[in-house]
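Take a look at the structure below.
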Amino acid sequence: MTTTRENPSAAFLLGGDLPVARLGFGAMRLPAREIAGPANDPETSAAVLRRAVELGVNHIDTAWFYFHDGLSANGLIRRVLHPYPEDLVLAVKVGPVRHPDGSWGAPAGPRELVAGVHRTLRELGQDRLDLVYLRLHEHDEAVAERFGALAALREEGLIRHLGLSNTTTGQLASAQRIAPVAAVQNMYGLFHRRHPEVLDACTRQGIAFVPFFSLESLGRPEPAEPLARIAARNGASPEQVKLAWTLARSPVVLAIPGTSSVAHVEDNIAAAELLLEPEDLAALDAVST
Ligand SMILES: NC(=O)c1ccc[n+]([C@@H]2O[C@H](COP(=O)([O-])OP(=O)(O)OC[C@H]3O[C@@H](n4cnc5c(N)ncnc54)[C@H](OP(=O)(O)O)[C@@H]3O)[C@@H](O)[C@H]2O)c1
């Protein structure tokens, strides 16, 4: 494992032409804190979003299927942020199919992907989407036909950059034979370092690697140490240390922590300024996962 001490508050050029702060925001928790829980208070979620942008976030991850009881992440983003700041990058996903009652369908085929892109354009009030990920479900799933459908929309000018989510290196290579891949969004965090070879491939190629669930331990108990000690020594929260460690894994990592709380969004964004010492990074690297 290699960790770097590159300044995490520096911007990254997404797709080679969109400068984004490395600490972004994941919008999945705006409609509801828990998928099976009650909907959030819309005004609190609006305040979270507003605060994120005030604090310099210009990369927001969202999807048309982030909705709960009539409250949708895209609807909130449009209501609170439109007309969008010029430097704001809205990254979206297509792939999952979700019914109006909240239940999930079979993964989208090419026609449903195209419909998902058009729905997202309408919901966000945009003529072109900055970054569209094909969200895969299985690690042995074929990507060519569906990624090809999105590449055709890119050719039409409806999409600026394409990405892949939940991908293996093999699926990434298949997609790259069809069109450039600007970003990969995979599950990755201090306590679950799945598919490090995908992160390494992104680092080698300068592709943005956007980890999701980087604050989570996926239901397993988290060891308190060395996180608590490193957090205390740096006057930081454990979540800030997790984010700083994730950003230090590679200069191509862009964090998108999700929250439904204004205090937590402030805490998370401040992690961009936390530069951990080499010995702290080494101790975190050694945490067993
Ligand atoms: N591609 C995919 O398949 C996929 C899957 C899932 C998610 N995503 C994307 O990834 C983003 C991140 O995932 P996520 O939101 O599920 O997980 P996450 O960012 O790892 O963690 C969110 C959890 O941590 C809590 N939290 C956040 N900041 C905190 C802080 N400073 N202190 C204490 N607790 C804090 C949140 O609760 P509070 O609300 O109480 O803060 C929430 O329970 C999502 O928003 C979404 O955009 C993508």
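Here, A, B, ... name the chains of the structure tokens in the order displayed, residue numbers run from 1 inside each chain, and ligands are numbered from 1 in the same displayed order.
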With only C-alpha atoms counted and 6 Å as the cut-off, give the residues of range 30-143 of chain A in contact with range 160-171 of chain A, each with its shortest interatomic distance in Å and the pair that gives it, as a tab-separated table.
```
residue	atom	partner	partner_atom	distance
A:Asp130	CA	A:Arg160	CA	4.9
A:Leu131	CA	A:His161	CA	4.6
A:Val132	CA	A:Leu162	CA	5.0
A:Tyr133	CA	A:Gly163	CA	4.0
A:Leu134	CA	A:Leu164	CA	4.9
A:Arg135	CA	A:Ser165	CA	4.5
A:Leu136	CA	A:Asn166	CA	5.5
```
Return as a list in words the full set of residues in range 84-120 of chain A whose backbone-based DSSP assignment is strand (DSSP E).
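DSSP on the backbone gives strand (DSSP E) at Val89, Leu90, Ala91, Val92, Lys93 and Val94 of chain A.
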Kindly give the distance, in Å, that separates CA of Leu30 in chain A and CA of Ser217 in chain A, rounded to a single decimal.
20.5 Å
Show me, as a PDB file with N, CA and C atoms, in the first residue's frame, the residues that have an atom within 10 Å of Leu88 in chain A when counting only C-alpha atoms, minus same-chain residues fewer than 5 positions from it.
```pdb
ATOM      1  N   LEU A  18     -12.285  19.428 -15.765  1.00  0.00           N
ATOM      2  CA  LEU A  18     -13.208  19.992 -14.768  1.00  0.00           C
ATOM      3  C   LEU A  18     -12.507  20.041 -13.409  1.00  0.00           C
ATOM      4  N   PRO A  19     -12.066  21.231 -12.966  1.00  0.00           N
ATOM      5  CA  PRO A  19     -11.377  21.285 -11.670  1.00  0.00           C
ATOM      6  C   PRO A  19     -12.362  21.098 -10.519  1.00  0.00           C
ATOM      7  N   VAL A  20     -12.099  20.105  -9.675  1.00  0.00           N
ATOM      8  CA  VAL A  20     -12.980  19.887  -8.514  1.00  0.00           C
ATOM      9  C   VAL A  20     -12.139  19.798  -7.243  1.00  0.00           C
ATOM     10  N   ALA A  21     -12.718  20.300  -6.151  1.00  0.00           N
ATOM     11  CA  ALA A  21     -12.071  20.133  -4.851  1.00  0.00           C
ATOM     12  C   ALA A  21     -12.106  18.647  -4.517  1.00  0.00           C
ATOM     13  N   VAL A  53     -21.861  23.796  -0.297  1.00  0.00           N
ATOM     14  CA  VAL A  53     -21.386  24.640  -1.409  1.00  0.00           C
ATOM     15  C   VAL A  53     -20.724  25.909  -0.870  1.00  0.00           C
ATOM     16  N   GLY A  56     -17.189  25.396  -0.133  1.00  0.00           N
ATOM     17  CA  GLY A  56     -16.256  25.147  -1.241  1.00  0.00           C
ATOM     18  C   GLY A  56     -16.456  23.843  -1.988  1.00  0.00           C
ATOM     19  N   VAL A  57     -17.478  23.066  -1.604  1.00  0.00           N
ATOM     20  CA  VAL A  57     -17.726  21.836  -2.362  1.00  0.00           C
ATOM     21  C   VAL A  57     -18.175  22.206  -3.777  1.00  0.00           C
ATOM     22  N   ASN A  58     -17.533  21.619  -4.788  1.00  0.00           N
ATOM     23  CA  ASN A  58     -17.997  21.833  -6.173  1.00  0.00           C
ATOM     24  C   ASN A  58     -18.092  20.513  -6.933  1.00  0.00           C
ATOM     25  N   HIS A  59     -18.225  19.420  -6.181  1.00  0.00           N
ATOM     26  CA  HIS A  59     -18.419  18.095  -6.776  1.00  0.00           C
ATOM     27  C   HIS A  59     -19.453  17.374  -5.918  1.00  0.00           C
ATOM     28  N   ILE A  60     -20.654  17.229  -6.490  1.00  0.00           N
ATOM     29  CA  ILE A  60     -21.752  16.593  -5.758  1.00  0.00           C
ATOM     30  C   ILE A  60     -22.153  15.330  -6.501  1.00  0.00           C
ATOM     31  N   LEU A  81     -29.780  24.941  -5.505  1.00  0.00           N
ATOM     32  CA  LEU A  81     -28.546  25.409  -6.159  1.00  0.00           C
ATOM     33  C   LEU A  81     -28.723  25.982  -7.564  1.00  0.00           C
ATOM     34  N   ASP A 130     -22.460  16.519 -16.475  1.00  0.00           N
ATOM     35  CA  ASP A 130     -20.995  16.608 -16.389  1.00  0.00           C
ATOM     36  C   ASP A 130     -20.339  15.231 -16.375  1.00  0.00           C
TER      37      ASP A 130
END
```
Considering only C-alpha atoms and all ligand atoms, give me a table of residues in chain A that are at most 6 Å from ligand 1, with the closest atom pair and distance in Å for each, as JSON lines.
```
{"residue": "A:Gly26", "atom": "CA", "partner": "ligand 1", "partner_atom_place_in_ligand_line": "45 (O)", "distance": 3.2}
{"residue": "A:Ala27", "atom": "CA", "partner": "ligand 1", "partner_atom_place_in_ligand_line": "45 (O)", "distance": 4.4}
{"residue": "A:Met28", "atom": "CA", "partner": "ligand 1", "partner_atom_place_in_ligand_line": "45 (O)", "distance": 3.8}
{"residue": "A:Arg29", "atom": "CA", "partner": "ligand 1", "partner_atom_place_in_ligand_line": "45 (O)", "distance": 5.6}
{"residue": "A:Arg33", "atom": "CA", "partner": "ligand 1", "partner_atom_place_in_ligand_line": "39 (O)", "distance": 5.2}
{"residue": "A:Asp61", "atom": "CA", "partner": "ligand 1", "partner_atom_place_in_ligand_line": "47 (O)", "distance": 4.6}
{"residue": "A:Thr62", "atom": "CA", "partner": "ligand 1", "partner_atom_place_in_ligand_line": "47 (O)", "distance": 5.2}
{"residue": "A:Ser165", "atom": "CA", "partner": "ligand 1", "partner_atom_place_in_ligand_line": "1 (N)", "distance": 5.3}
{"residue": "A:Gln185", "atom": "CA", "partner": "ligand 1", "partner_atom_place_in_ligand_line": "1 (N)", "distance": 5.6}
{"residue": "A:Phe212", "atom": "CA", "partner": "ligand 1", "partner_atom_place_in_ligand_line": "10 (O)", "distance": 4.0}
{"residue": "A:Phe213", "atom": "CA", "partner": "ligand 1", "partner_atom_place_in_ligand_line": "20 (O)", "distance": 3.1}
{"residue": "A:Ser214", "atom": "CA", "partner": "ligand 1", "partner_atom_place_in_ligand_line": "20 (O)", "distance": 4.1}
{"residue": "A:Leu215", "atom": "CA", "partner": "ligand 1", "partner_atom_place_in_ligand_line": "20 (O)", "distance": 3.5}
{"residue": "A:Glu216", "atom": "CA", "partner": "ligand 1", "partner_atom_place_in_ligand_line": "20 (O)", "distance": 4.5}
{"residue": "A:Glu239", "atom": "CA", "partner": "ligand 1", "partner_atom_place_in_ligand_line": "31 (N)", "distance": 5.3}
{"residue": "A:Ile256", "atom": "CA", "partner": "ligand 1", "partner_atom_place_in_ligand_line": "11 (C)", "distance": 5.3}
{"residue": "A:Pro257", "atom": "CA", "partner": "ligand 1", "partner_atom_place_in_ligand_line": "19 (O)", "distance": 3.4}
{"residue": "A:Gly258", "atom": "CA", "partner": "ligand 1", "partner_atom_place_in_ligand_line": "15 (O)", "distance": 3.2}
{"residue": "A:Thr259", "atom": "CA", "partner": "ligand 1", "partner_atom_place_in_ligand_line": "39 (O)", "distance": 3.7}
{"residue": "A:Ser260", "atom": "CA", "partner": "ligand 1", "partner_atom_place_in_ligand_line": "39 (O)", "distance": 3.9}
{"residue": "A:Ser261", "atom": "CA", "partner": "ligand 1", "partner_atom_place_in_ligand_line": "41 (O)", "distance": 5.1}
{"residue": "A:His264", "atom": "CA", "partner": "ligand 1", "partner_atom_place_in_ligand_line": "31 (N)", "distance": 3.9}
{"residue": "A:Asp267", "atom": "CA", "partner": "ligand 1", "partner_atom_place_in_ligand_line": "31 (N)", "distance": 4.9}
{"residue": "A:Asn268", "atom": "CA", "partner": "ligand 1", "partner_atom_place_in_ligand_line": "31 (N)", "distance": 5.0}
```
Who sits within 6 Å of range 40-51 of chain A, only C-alpha atoms, same chain under 3 positions skipped, as a short mmCIF file (atom, residue, chain, number, x, y, z; two decimals) with N, CA and C atoms, in the first residue's frame:
```cif
data_model
loop_
_atom_site.label_atom_id
_atom_site.label_comp_id
_atom_site.auth_asym_id
_atom_site.auth_seq_id
_atom_site.Cartn_x
_atom_site.Cartn_y
_atom_site.Cartn_z
N LEU A 30 -29.59 12.88 1.56
CA LEU A 30 -30.43 14.08 1.66
C LEU A 30 -31.92 13.74 1.82
N PRO A 31 -32.46 12.77 1.04
CA PRO A 31 -33.89 12.47 1.22
C PRO A 31 -34.19 11.75 2.54
N ALA A 32 -33.29 10.87 2.97
CA ALA A 32 -33.51 10.13 4.22
C ALA A 32 -32.17 9.67 4.75
N GLU A 54 -21.30 26.48 0.21
CA GLU A 54 -20.68 27.66 0.85
C GLU A 54 -19.25 27.36 1.27
N VAL A 262 -25.90 19.33 9.18
CA VAL A 262 -25.05 20.50 8.88
C VAL A 262 -23.73 20.39 9.65
#
```
Could you work out how far CA of Val252 in chain A lies from CA of Leu124 in chain A, giving the answer in Å with one decimal?
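It comes out at 26.5 Å.
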Which is closest to Leu227 in chain A among A:Leu284, A:Gly189, A:Gln205, A:Leu172, if we use only C-alpha atoms?
A:Leu284
Looking only at the backbone, which of the residues in range 102-210 of chain A does DSSP tag as alpha helix (DSSP H), as a PyMOL selection string?
chain A and resi 110-124+144-156+169-176+196-205
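Nearest to Pro196 in chain A of all the residues A:Thr246, A:Leu218, A:Phe12, A:Arg78 is A:Thr246, counting only C-alpha atoms.
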Of A:Pro180, A:Gly148, A:Gly206, A:Gly15, the one nearest to Val89 in chain A when counting only C-alpha atoms is A:Gly15
